[in-house]
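> Once you've had a glance at the structure underneath, I'll fire off some questions.
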Amino acid sequence: MEEANARSPAIVAAQADLAAAEARTRQAGIRSNPELSFEVENFAGTGELRGLRSTEATLAVNQRLDLGGRRSARVSAAQAELTVQQLRLAIARADLSQQVREQFARALTARERLAQATENVERARRFARVAQILVDAGRDPPLRALRARSALAQAEAEREVAEADELAARSSLAALFGVREPVTEVSGQLLDLKPQTINAETSLEVRLADAERTAAEAVLRQQLAERRLDPAVGVGVRHVRETGDFGLVAGVSMPLQVFDRNRGNIDAARAGIAAAEARRATAIAATTARARNAIANVQAAQRRVDALGSTAVPEAAEALRLTERSYAEGRASLLELLDAQNAYTATRTALTDARLALALTTAELGRIAAR
């Protein structure tokens, strides 16, 4: 889990988005830059204004004042978006944790299936050898040896499939780390989480929906502030060339709301709030249903694992042992032996599948309960 969080491209991307939001938050708190202006009057005219004799030059600095709350609204919107990105990073980490748990469980299961397939091949090879001995001794017809060799070939083919699946599972696990080469080996337990109660209101998805609604409200306040009129003040120095005198100048300017009243952006921000509220309702409903289904699936998978592990597999193993002994003693046919072997293989496969299902549903439940 630590390796995945440190190297996963998905986490790197989410961390970069968070860093960008932090930078925008810092930028939002910065005041607007002052403007430096230089103005020359009364030159290149006619009469007394001919040439540069009556030139007046003014150097001034102008600063727009933040009286309408634009800066504070800007900061609030940026901080709300920062909270959204923080939750998205938490969701990315929770998603990655679930993916790692699931793929690790699949890799362990693939390894177990490969071990079972190898064991089946060895058992089928032993049966084929015994069948040939009985055919050579005249106790069984040649067809029985042919049937045993066919079962051996099928077991070997299934082992090849298991080998390919095991390699694919290790490769998929490595992809979560952004690595092209498959991991060399996996070892450990299928489960590292315990089922727990879930409150949909505190889930990451609902918290994200709350943060997005808060961000939408902050955007509306920002757009309302944008339509307010902020004056600009200026102060400067004027030089009159004709007399050589200097004087101070000051001024105030105010934009006029003739064409742009920012109505479109305000309406869009209000629509964004409505959309965020709808997404929150959807998140609560979806999380509640998802949690209910995950809990039911965990309970069902656990019951299936208990039933198969405590009864079905031991009984099938004992039946195979007794049938194999009876076949060697001539009291059971090859078909009975192969049926017992198939039954044992099927129950072991069912137990392996049930354990994988329990691991996957537990990982799903852990993802829903992530904070």
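Note on naming: chains are A, B, ... as they come in the structure tokens, residues start from 1 per chain, ligands start from 1 in the order shown.
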List every residue of region 206-334 of chain A that DSSP, applied to the backbone, labels as alpha helix (DSSP H), and write the result as an MDAnalysis selection string.
chainID A and resid 206:226 263:307 313:328 334
> Contacts of Thr109 (chain A) at 10 Å or less, counting only C-alpha atoms, minus same-chain residues fewer than 2 places along, as a VMD selection string?
chain A and resid 103 to 107 111 to 115 165 to 166 169 190 352 to 353 355 to 356
> Go ahead and dump the residues you just picked, N, CA, C and O atoms, as an mmCIF file, in the first residue's frame.

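Heads up, here's the output in out_2.cif:
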data_model
loop_
_atom_site.group_PDB
_atom_site.id
_atom_site.type_symbol
_atom_site.label_atom_id
_atom_site.label_comp_id
_atom_site.auth_asym_id
_atom_site.auth_seq_id
_atom_site.Cartn_x
_atom_site.Cartn_y
_atom_site.Cartn_z
ATOM 1 N N GLN A 103 -6.461 -6.463 -6.571
ATOM 2 C CA GLN A 103 -5.523 -7.099 -7.487
ATOM 3 C C GLN A 103 -4.545 -7.994 -6.756
ATOM 4 O O GLN A 103 -4.128 -9.034 -7.284
ATOM 5 N N PHE A 104 -4.172 -7.622 -5.534
ATOM 6 C CA PHE A 104 -3.309 -8.482 -4.726
ATOM 7 C C PHE A 104 -4.036 -9.787 -4.417
ATOM 8 O O PHE A 104 -3.448 -10.876 -4.496
ATOM 9 N N ALA A 105 -5.336 -9.692 -4.086
ATOM 10 C CA ALA A 105 -6.125 -10.902 -3.825
ATOM 11 C C ALA A 105 -6.231 -11.752 -5.083
ATOM 12 O O ALA A 105 -6.155 -12.990 -5.020
ATOM 13 N N ARG A 106 -6.401 -11.119 -6.226
ATOM 14 C CA ARG A 106 -6.475 -11.886 -7.482
ATOM 15 C C ARG A 106 -5.144 -12.571 -7.776
ATOM 16 O O ARG A 106 -5.114 -13.709 -8.274
ATOM 17 N N ALA A 107 -4.049 -11.879 -7.492
ATOM 18 C CA ALA A 107 -2.732 -12.484 -7.732
ATOM 19 C C ALA A 107 -2.503 -13.671 -6.799
ATOM 20 O O ALA A 107 -1.990 -14.719 -7.214
ATOM 21 N N ARG A 111 -2.139 -17.575 -7.952
ATOM 22 C CA ARG A 111 -1.054 -18.442 -7.498
ATOM 23 C C ARG A 111 -1.602 -19.735 -6.896
ATOM 24 O O ARG A 111 -1.078 -20.830 -7.154
ATOM 25 N N GLU A 112 -2.659 -19.640 -6.111
ATOM 26 C CA GLU A 112 -3.286 -20.816 -5.515
ATOM 27 C C GLU A 112 -3.875 -21.723 -6.599
ATOM 28 O O GLU A 112 -3.758 -22.955 -6.536
ATOM 29 N N ARG A 113 -4.520 -21.118 -7.597
ATOM 30 C CA ARG A 113 -5.079 -21.923 -8.688
ATOM 31 C C ARG A 113 -3.987 -22.628 -9.480
ATOM 32 O O ARG A 113 -4.168 -23.769 -9.924
ATOM 33 N N LEU A 114 -2.861 -21.951 -9.651
ATOM 34 C CA LEU A 114 -1.739 -22.597 -10.347
ATOM 35 C C LEU A 114 -1.222 -23.773 -9.527
ATOM 36 O O LEU A 114 -0.906 -24.839 -10.081
ATOM 37 N N ALA A 115 -1.127 -23.604 -8.216
ATOM 38 C CA ALA A 115 -0.679 -24.709 -7.369
ATOM 39 C C ALA A 115 -1.659 -25.869 -7.435
ATOM 40 O O ALA A 115 -1.249 -27.051 -7.505
ATOM 41 N N ASP A 165 -2.820 -17.061 -16.452
ATOM 42 C CA ASP A 165 -3.627 -16.197 -15.574
ATOM 43 C C ASP A 165 -2.786 -15.652 -14.421
ATOM 44 O O ASP A 165 -2.950 -14.487 -14.021
ATOM 45 N N GLU A 166 -1.900 -16.477 -13.886
ATOM 46 C CA GLU A 166 -1.072 -16.031 -12.767
ATOM 47 C C GLU A 166 -0.114 -14.924 -13.210
ATOM 48 O O GLU A 166 0.092 -13.933 -12.496
ATOM 49 N N ALA A 169 -2.116 -11.726 -13.664
ATOM 50 C CA ALA A 169 -2.474 -11.109 -12.384
ATOM 51 C C ALA A 169 -1.295 -10.341 -11.809
ATOM 52 O O ALA A 169 -1.462 -9.230 -11.279
ATOM 53 N N LEU A 190 -5.176 -12.877 2.068
ATOM 54 C CA LEU A 190 -6.159 -12.264 1.183
ATOM 55 C C LEU A 190 -6.831 -11.064 1.845
ATOM 56 O O LEU A 190 -7.188 -10.096 1.175
ATOM 57 N N THR A 352 -11.733 -21.655 -3.382
ATOM 58 C CA THR A 352 -10.818 -20.586 -3.806
ATOM 59 C C THR A 352 -11.594 -19.391 -4.322
ATOM 60 O O THR A 352 -11.282 -18.229 -3.995
ATOM 61 N N ASP A 353 -12.630 -19.657 -5.136
ATOM 62 C CA ASP A 353 -13.461 -18.564 -5.656
ATOM 63 C C ASP A 353 -14.199 -17.846 -4.528
ATOM 64 O O ASP A 353 -14.339 -16.613 -4.554
ATOM 65 N N ARG A 355 -13.239 -17.552 -1.380
ATOM 66 C CA ARG A 355 -12.282 -16.735 -0.639
ATOM 67 C C ARG A 355 -11.944 -15.460 -1.405
ATOM 68 O O ARG A 355 -11.814 -14.385 -0.800
ATOM 69 N N LEU A 356 -11.810 -15.569 -2.711
ATOM 70 C CA LEU A 356 -11.556 -14.376 -3.516
ATOM 71 C C LEU A 356 -12.749 -13.425 -3.443
ATOM 72 O O LEU A 356 -12.570 -12.203 -3.297
#
> So which residues touch region 223-237 of chain A within 10 Å, counting only C-alpha atoms, skipping near sequence neighbours fewer than 4 positions away, as a CSV table (one decimal) with all heavy atoms, in the first residue's frame?

chain,number,residue,atom,x,y,z
A,34,PRO,N,-0.7,48.1,-9.1
A,34,PRO,CA,-1.0,49.5,-9.5
A,34,PRO,C,-0.5,49.7,-10.9
A,34,PRO,O,0.2,48.9,-11.5
A,34,PRO,CB,-0.1,50.2,-8.5
A,34,PRO,CG,1.0,49.2,-8.1
A,34,PRO,CD,0.4,47.9,-8.2
A,35,GLU,N,-1.1,50.8,-11.5
A,35,GLU,CA,-0.7,51.1,-12.9
A,35,GLU,C,0.1,52.4,-12.9
A,35,GLU,O,-0.3,53.4,-12.2
A,35,GLU,CB,-2.0,51.3,-13.7
A,35,GLU,CG,-2.8,50.0,-13.8
A,35,GLU,CD,-4.1,50.3,-14.7
A,35,GLU,OE1,-4.3,51.4,-15.1
A,35,GLU,OE2,-4.8,49.3,-14.9
A,36,LEU,N,1.1,52.4,-13.7
A,36,LEU,CA,2.0,53.6,-13.8
A,36,LEU,C,1.6,54.2,-15.2
A,36,LEU,O,1.6,53.5,-16.2
A,36,LEU,CB,3.4,53.3,-13.8
A,36,LEU,CG,4.4,54.4,-14.0
A,36,LEU,CD1,4.3,55.4,-12.8
A,36,LEU,CD2,5.9,53.9,-14.1
A,37,SER,N,1.3,55.5,-15.2
A,37,SER,CA,0.9,56.2,-16.5
A,37,SER,C,1.8,57.4,-16.6
A,37,SER,O,2.2,58.1,-15.7
A,37,SER,CB,-0.6,56.6,-16.5
A,37,SER,OG,-0.9,57.5,-15.4
A,38,PHE,N,2.0,57.7,-17.9
A,38,PHE,CA,2.8,58.9,-18.3
A,38,PHE,C,2.0,59.6,-19.4
A,38,PHE,O,1.7,59.0,-20.4
A,38,PHE,CB,4.2,58.6,-18.7
A,38,PHE,CG,5.0,59.8,-19.1
A,38,PHE,CD1,5.5,60.6,-18.2
A,38,PHE,CD2,5.3,60.0,-20.5
A,38,PHE,CE1,6.3,61.7,-18.6
A,38,PHE,CE2,6.0,61.1,-20.9
A,38,PHE,CZ,6.5,62.0,-19.9
A,57,ALA,N,3.8,67.5,-18.8
A,57,ALA,CA,4.0,66.1,-18.6
A,57,ALA,C,3.6,65.6,-17.2
A,57,ALA,O,3.9,66.3,-16.2
A,57,ALA,CB,5.5,65.7,-18.8
A,58,THR,N,2.8,64.6,-17.2
A,58,THR,CA,2.3,64.1,-15.9
A,58,THR,C,2.7,62.6,-15.8
A,58,THR,O,2.4,61.8,-16.6
A,58,THR,CB,0.7,64.2,-15.9
A,58,THR,OG1,0.4,65.5,-16.1
A,58,THR,CG2,0.2,63.7,-14.6
A,59,LEU,N,3.2,62.3,-14.6
A,59,LEU,CA,3.6,60.9,-14.2
A,59,LEU,C,2.7,60.6,-13.0
A,59,LEU,O,2.8,61.2,-12.0
A,59,LEU,CB,5.1,60.8,-13.9
A,59,LEU,CG,5.5,59.4,-13.5
A,59,LEU,CD1,5.5,58.4,-14.7
A,59,LEU,CD2,7.0,59.5,-12.9
A,60,ALA,N,1.9,59.5,-13.2
A,60,ALA,CA,0.9,59.2,-12.1
A,60,ALA,C,0.9,57.7,-11.8
A,60,ALA,O,1.3,56.9,-12.7
A,60,ALA,CB,-0.5,59.7,-12.5
A,61,VAL,N,0.5,57.4,-10.6
A,61,VAL,CA,0.3,56.0,-10.2
A,61,VAL,C,-1.2,55.8,-9.8
A,61,VAL,O,-1.7,56.6,-9.1
A,61,VAL,CB,1.2,55.6,-9.0
A,61,VAL,CG1,0.9,54.2,-8.5
A,61,VAL,CG2,2.7,55.7,-9.4
A,62,ASN,N,-1.8,54.8,-10.4
A,62,ASN,CA,-3.2,54.5,-10.2
A,62,ASN,C,-3.4,53.2,-9.5
A,62,ASN,O,-2.7,52.2,-9.9
A,62,ASN,CB,-4.0,54.6,-11.5
A,62,ASN,CG,-3.9,55.9,-12.2
A,62,ASN,OD1,-4.5,56.9,-11.8
A,62,ASN,ND2,-3.1,55.9,-13.2
A,63,GLN,N,-4.3,53.1,-8.6
A,63,GLN,CA,-4.6,51.8,-7.9
A,63,GLN,C,-6.1,51.6,-7.7
A,63,GLN,O,-6.8,52.5,-7.2
A,63,GLN,CB,-4.0,51.8,-6.4
A,63,GLN,CG,-4.3,50.6,-5.6
A,63,GLN,CD,-3.6,49.4,-6.1
A,63,GLN,OE1,-2.4,49.4,-6.4
A,63,GLN,NE2,-4.4,48.3,-6.4
A,64,ARG,N,-6.5,50.4,-8.2
A,64,ARG,CA,-8.0,50.1,-8.0
A,64,ARG,C,-8.2,49.6,-6.6
A,64,ARG,O,-7.5,48.8,-6.1
A,64,ARG,CB,-8.4,49.0,-9.1
A,64,ARG,CG,-9.9,48.7,-9.0
A,64,ARG,CD,-10.4,48.0,-10.3
A,64,ARG,NE,-10.2,48.9,-11.4
A,64,ARG,CZ,-11.0,49.9,-11.8
A,64,ARG,NH1,-12.1,50.2,-11.0
A,64,ARG,NH2,-10.8,50.6,-12.8
A,65,LEU,N,-9.2,50.2,-6.0
A,65,LEU,CA,-9.6,49.8,-4.6
A,65,LEU,C,-10.5,48.7,-4.6
A,65,LEU,O,-11.4,48.5,-5.4
A,65,LEU,CB,-10.2,51.1,-3.9
A,65,LEU,CG,-9.4,52.3,-3.9
A,65,LEU,CD1,-10.2,53.4,-3.2
A,65,LEU,CD2,-8.0,52.1,-3.2
A,66,ASP,N,-10.4,47.8,-3.6
A,66,ASP,CA,-11.2,46.7,-3.4
A,66,ASP,C,-12.3,47.0,-2.3
A,66,ASP,O,-12.1,46.6,-1.2
A,66,ASP,CB,-10.4,45.4,-3.0
A,66,ASP,CG,-11.3,44.2,-2.9
A,66,ASP,OD1,-12.4,44.2,-3.4
A,66,ASP,OD2,-10.8,43.2,-2.3
A,67,LEU,N,-13.3,47.7,-2.7
A,67,LEU,CA,-14.4,48.1,-1.8
A,67,LEU,C,-15.6,47.1,-1.9
A,67,LEU,O,-16.4,47.1,-1.0
A,67,LEU,CB,-14.8,49.5,-2.1
A,67,LEU,CG,-13.7,50.6,-2.0
A,67,LEU,CD1,-14.3,52.0,-2.2
A,67,LEU,CD2,-13.0,50.5,-0.6
A,68,GLY,N,-15.7,46.4,-3.0
A,68,GLY,CA,-16.8,45.5,-3.2
A,68,GLY,C,-16.6,44.1,-2.7
A,68,GLY,O,-17.5,43.2,-2.9
A,69,GLY,N,-15.5,43.8,-2.1
A,69,GLY,CA,-15.3,42.4,-1.6
A,69,GLY,C,-14.8,41.4,-2.6
A,69,GLY,O,-15.0,40.2,-2.4
A,70,ARG,N,-14.3,41.9,-3.7
A,70,ARG,CA,-13.8,41.0,-4.7
A,70,ARG,C,-12.7,40.1,-4.3
A,70,ARG,O,-12.7,38.9,-4.5
A,70,ARG,CB,-13.4,41.7,-6.0
A,70,ARG,CG,-14.4,42.5,-6.7
A,70,ARG,CD,-14.0,43.0,-8.0
A,70,ARG,NE,-14.9,43.9,-8.7
A,70,ARG,CZ,-14.9,44.2,-9.9
A,70,ARG,NH1,-14.0,43.7,-10.7
A,70,ARG,NH2,-15.8,44.9,-10.5
A,71,ARG,N,-11.7,40.7,-3.6
A,71,ARG,CA,-10.6,39.9,-3.1
A,71,ARG,C,-11.0,38.8,-2.1
A,71,ARG,O,-10.6,37.7,-2.2
A,71,ARG,CB,-9.5,40.8,-2.5
A,71,ARG,CG,-8.3,40.1,-2.0
A,71,ARG,CD,-7.2,41.2,-1.7
A,71,ARG,NE,-6.1,40.6,-1.0
A,71,ARG,CZ,-6.0,40.7,0.4
A,71,ARG,NH1,-6.9,41.3,1.1
A,71,ARG,NH2,-5.0,40.2,1.0
A,72,SER,N,-11.8,39.2,-1.1
A,72,SER,CA,-12.2,38.2,-0.1
A,72,SER,C,-13.1,37.1,-0.7
A,72,SER,O,-13.0,35.9,-0.4
A,72,SER,CB,-13.0,38.9,1.0
A,72,SER,OG,-14.1,39.5,0.5
A,73,ALA,N,-13.9,37.5,-1.7
A,73,ALA,CA,-14.7,36.5,-2.4
A,73,ALA,C,-13.9,35.5,-3.2
A,73,ALA,O,-14.1,34.3,-3.3
A,73,ALA,CB,-15.8,37.1,-3.3
A,74,ARG,N,-12.8,36.1,-3.8
A,74,ARG,CA,-11.9,35.3,-4.6
A,74,ARG,C,-11.2,34.3,-3.8
A,74,ARG,O,-11.0,33.2,-4.1
A,74,ARG,CB,-10.9,36.3,-5.3
A,74,ARG,CG,-10.5,35.9,-6.7
A,74,ARG,CD,-9.7,37.0,-7.4
A,74,ARG,NE,-8.8,37.7,-6.6
A,74,ARG,CZ,-8.8,39.0,-6.4
A,74,ARG,NH1,-9.7,39.7,-6.9
A,74,ARG,NH2,-7.8,39.6,-5.6
A,217,GLU,N,-21.3,27.7,-3.9
A,217,GLU,CA,-21.8,28.9,-3.2
A,217,GLU,C,-20.8,30.0,-3.2
A,217,GLU,O,-21.1,31.2,-3.3
A,217,GLU,CB,-22.2,28.5,-1.8
A,217,GLU,CG,-23.5,27.6,-1.7
A,217,GLU,CD,-23.7,27.0,-0.4
A,217,GLU,OE1,-22.8,27.1,0.5
A,217,GLU,OE2,-24.8,26.4,-0.1
A,218,ALA,N,-19.5,29.6,-3.0
A,218,ALA,CA,-18.4,30.6,-3.0
A,218,ALA,C,-18.3,31.2,-4.3
A,218,ALA,O,-18.0,32.4,-4.5
A,218,ALA,CB,-17.1,29.9,-2.5
A,219,VAL,N,-18.4,30.4,-5.4
A,219,VAL,CA,-18.4,31.0,-6.8
A,219,VAL,C,-19.5,32.0,-7.0
A,219,VAL,O,-19.3,33.1,-7.6
A,219,VAL,CB,-18.4,29.9,-7.8
A,219,VAL,CG1,-18.6,30.4,-9.2
A,219,VAL,CG2,-17.2,29.0,-7.7
A,246,PHE,N,6.5,72.4,-11.0
A,246,PHE,CA,5.9,71.0,-10.7
A,246,PHE,C,4.7,71.2,-9.9
A,246,PHE,O,4.6,72.0,-9.0
A,246,PHE,CB,6.9,70.1,-10.0
A,246,PHE,CG,8.1,69.7,-10.9
A,246,PHE,CD1,9.2,70.5,-10.9
A,246,PHE,CD2,8.1,68.6,-11.6
A,246,PHE,CE1,10.3,70.2,-11.7
A,246,PHE,CE2,9.1,68.2,-12.4
A,246,PHE,CZ,10.3,69.0,-12.4
A,247,GLY,N,3.7,70.2,-10.0
A,247,GLY,CA,2.5,70.2,-9.2
A,247,GLY,C,2.0,68.8,-9.1
A,247,GLY,O,2.2,67.9,-9.9
A,248,LEU,N,1.3,68.6,-8.0
A,248,LEU,CA,0.6,67.3,-7.8
A,248,LEU,C,-0.7,67.2,-8.5
A,248,LEU,O,-1.4,68.2,-8.6
A,248,LEU,CB,0.4,67.0,-6.3
A,248,LEU,CG,1.7,66.9,-5.5
A,248,LEU,CD1,1.3,66.7,-4.0
A,248,LEU,CD2,2.6,65.7,-6.0
A,249,VAL,N,-1.0,66.0,-9.0
A,249,VAL,CA,-2.4,65.8,-9.6
A,249,VAL,C,-3.0,64.6,-8.9
A,249,VAL,O,-2.3,63.7,-8.4
A,249,VAL,CB,-2.3,65.6,-11.1
A,249,VAL,CG1,-1.8,66.8,-11.8
A,249,VAL,CG2,-1.3,64.4,-11.4
A,250,ALA,N,-4.3,64.5,-8.8
A,250,ALA,CA,-5.0,63.4,-8.2
A,250,ALA,C,-6.3,63.2,-9.0
A,250,ALA,O,-6.8,64.1,-9.6
A,250,ALA,CB,-5.3,63.6,-6.7
A,251,GLY,N,-6.7,61.9,-8.9
A,251,GLY,CA,-8.0,61.7,-9.7
A,251,GLY,C,-8.6,60.4,-9.2
A,251,GLY,O,-8.0,59.6,-8.5
A,252,VAL,N,-9.9,60.3,-9.5
A,252,VAL,CA,-10.7,59.1,-9.2
A,252,VAL,C,-11.4,58.7,-10.4
A,252,VAL,O,-12.0,59.5,-11.2
A,252,VAL,CB,-11.7,59.3,-8.1
A,252,VAL,CG1,-12.5,58.1,-7.8
A,252,VAL,CG2,-11.0,59.8,-6.8
A,253,SER,N,-11.4,57.3,-10.7
A,253,SER,CA,-12.2,56.8,-11.9
A,253,SER,C,-13.1,55.7,-11.4
A,253,SER,O,-12.8,55.0,-10.4
A,253,SER,CB,-11.2,56.3,-13.0
A,253,SER,OG,-10.5,55.2,-12.5
A,254,MET,N,-14.2,55.5,-12.1
A,254,MET,CA,-15.2,54.5,-11.8
A,254,MET,C,-15.7,53.9,-13.0
A,254,MET,O,-16.1,54.6,-14.0
A,254,MET,CB,-16.3,55.2,-11.0
A,254,MET,CG,-17.5,54.3,-10.6
A,254,MET,SD,-17.0,53.2,-9.3
A,254,MET,CE,-17.0,54.3,-7.9
A,255,PRO,N,-15.7,52.5,-13.1
A,255,PRO,CA,-16.3,51.9,-14.3
A,255,PRO,C,-17.8,52.1,-14.4
A,255,PRO,O,-18.4,52.2,-13.3
A,255,PRO,CB,-15.9,50.4,-14.1
A,255,PRO,CG,-15.7,50.3,-12.7
A,255,PRO,CD,-15.2,51.6,-12.2
A,256,LEU,N,-18.4,52.1,-15.5
A,256,LEU,CA,-19.8,52.2,-15.7
A,256,LEU,C,-20.4,50.9,-16.1
A,256,LEU,O,-19.9,50.3,-17.1
A,256,LEU,CB,-20.1,53.3,-16.8
A,256,LEU,CG,-19.6,54.7,-16.4
A,256,LEU,CD1,-19.9,55.7,-17.6
A,256,LEU,CD2,-20.2,55.3,-15.1
A,257,GLN,N,-21.5,50.5,-15.5
A,257,GLN,CA,-22.2,49.3,-15.8
A,257,GLN,C,-23.2,49.6,-16.9
A,257,GLN,O,-24.4,49.6,-16.7
A,257,GLN,CB,-22.9,48.7,-14.6
A,257,GLN,CG,-22.0,48.0,-13.6
A,257,GLN,CD,-22.7,47.3,-12.5
A,257,GLN,OE1,-23.9,47.7,-12.3
A,257,GLN,NE2,-22.1,46.4,-11.8
A,260,ASP,N,-22.0,45.3,-19.3
A,260,ASP,CA,-21.7,44.1,-18.6
A,260,ASP,C,-22.1,44.2,-17.1
A,260,ASP,O,-21.5,45.0,-16.4
A,260,ASP,CB,-20.2,43.8,-18.7
A,260,ASP,CG,-19.9,42.4,-18.0
A,260,ASP,OD1,-20.8,41.7,-17.6
A,260,ASP,OD2,-18.7,42.1,-17.9
A,261,ARG,N,-23.2,43.5,-16.8
A,261,ARG,CA,-23.6,43.4,-15.4
A,261,ARG,C,-23.3,42.0,-14.7
A,261,ARG,O,-23.8,41.7,-13.7
A,261,ARG,CB,-25.1,43.8,-15.3
A,261,ARG,CG,-25.4,45.2,-15.7
A,261,ARG,CD,-26.9,45.4,-15.6
A,261,ARG,NE,-27.2,46.8,-16.1
A,261,ARG,CZ,-27.3,47.9,-15.3
A,261,ARG,NH1,-27.0,47.7,-14.0
A,261,ARG,NH2,-27.5,49.0,-15.8
A,262,ASN,N,-22.6,41.2,-15.4
A,262,ASN,CA,-22.2,39.9,-15.0
A,262,ASN,C,-23.4,38.9,-14.7
A,262,ASN,O,-23.3,38.0,-13.9
A,262,ASN,CB,-21.3,40.0,-13.7
A,262,ASN,CG,-20.4,38.8,-13.5
A,262,ASN,OD1,-19.9,38.3,-14.5
A,262,ASN,ND2,-20.1,38.4,-12.3
A,263,ARG,N,-24.5,39.2,-15.4
A,263,ARG,CA,-25.7,38.4,-15.1
A,263,ARG,C,-25.5,36.9,-15.5
A,263,ARG,O,-26.0,36.0,-14.8
A,263,ARG,CB,-26.9,39.0,-15.8
A,263,ARG,CG,-27.3,40.3,-15.2
A,263,ARG,CD,-28.5,41.0,-16.0
A,263,ARG,NE,-28.9,42.2,-15.4
A,263,ARG,CZ,-29.8,43.0,-15.9
A,263,ARG,NH1,-30.3,42.7,-17.1
A,263,ARG,NH2,-30.2,44.1,-15.3
A,264,GLY,N,-24.9,36.7,-16.6
A,264,GLY,CA,-24.7,35.3,-17.1
A,264,GLY,C,-23.9,34.5,-16.1
A,264,GLY,O,-24.3,33.3,-15.8
A,265,ASN,N,-22.8,35.0,-15.6
A,265,ASN,CA,-22.0,34.3,-14.7
A,265,ASN,C,-22.7,34.0,-13.4
A,265,ASN,O,-22.5,33.0,-12.7
A,265,ASN,CB,-20.7,35.0,-14.4
A,265,ASN,CG,-19.7,35.0,-15.6
A,265,ASN,OD1,-19.8,34.1,-16.4
A,265,ASN,ND2,-18.9,36.0,-15.7
A,266,ILE,N,-23.5,35.0,-12.9
A,266,ILE,CA,-24.3,34.8,-11.7
A,266,ILE,C,-25.3,33.7,-11.9
A,266,ILE,O,-25.5,32.8,-11.0
A,266,ILE,CB,-25.0,36.1,-11.3
A,266,ILE,CG1,-23.9,37.2,-10.9
A,266,ILE,CG2,-26.0,35.9,-10.2
A,266,ILE,CD1,-24.5,38.6,-10.7
A,267,ASP,N,-26.0,33.7,-13.0
A,267,ASP,CA,-27.0,32.7,-13.3
A,267,ASP,C,-26.3,31.3,-13.4
A,267,ASP,O,-26.8,30.3,-12.9
A,267,ASP,CB,-27.7,32.9,-14.6
A,267,ASP,CG,-28.7,34.1,-14.4
A,267,ASP,OD1,-29.0,34.5,-13.3
A,267,ASP,OD2,-29.1,34.7,-15.5
A,268,ALA,N,-25.1,31.3,-14.0
A,268,ALA,CA,-24.4,30.0,-14.1
A,268,ALA,C,-24.0,29.5,-12.7
A,268,ALA,O,-24.0,28.3,-12.4
A,268,ALA,CB,-23.2,30.2,-15.0
A,269,ALA,N,-23.6,30.4,-11.8
A,269,ALA,CA,-23.2,30.0,-10.5
A,269,ALA,C,-24.4,29.5,-9.7
A,269,ALA,O,-24.3,28.5,-8.9
A,269,ALA,CB,-22.6,31.2,-9.7
A,270,ARG,N,-25.5,30.1,-9.8
A,270,ARG,CA,-26.7,29.6,-9.2
A,270,ARG,C,-27.1,28.2,-9.7
A,270,ARG,O,-27.5,27.3,-8.9
A,270,ARG,CB,-27.9,30.6,-9.4
A,270,ARG,CG,-27.7,31.8,-8.5
A,270,ARG,CD,-28.8,32.8,-8.8
A,270,ARG,NE,-28.7,34.0,-7.8
A,270,ARG,CZ,-29.1,35.2,-8.1
A,270,ARG,NH1,-29.6,35.5,-9.3
A,270,ARG,NH2,-28.9,36.2,-7.2
> One decimal, in Å: what's the spacing between CA of Thr345 (chain A) and CA of Glu324 (chain A)?
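Spanning CA of Thr345 (chain A) to CA of Glu324 (chain A) is a straight-line distance of 14.3 Å.
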> So, counting only C-alpha atoms, which residue among A:Leu208, A:Leu146, A:Leu322, A:Ile198 is closest to Asn293 (chain A)?
A:Ile198
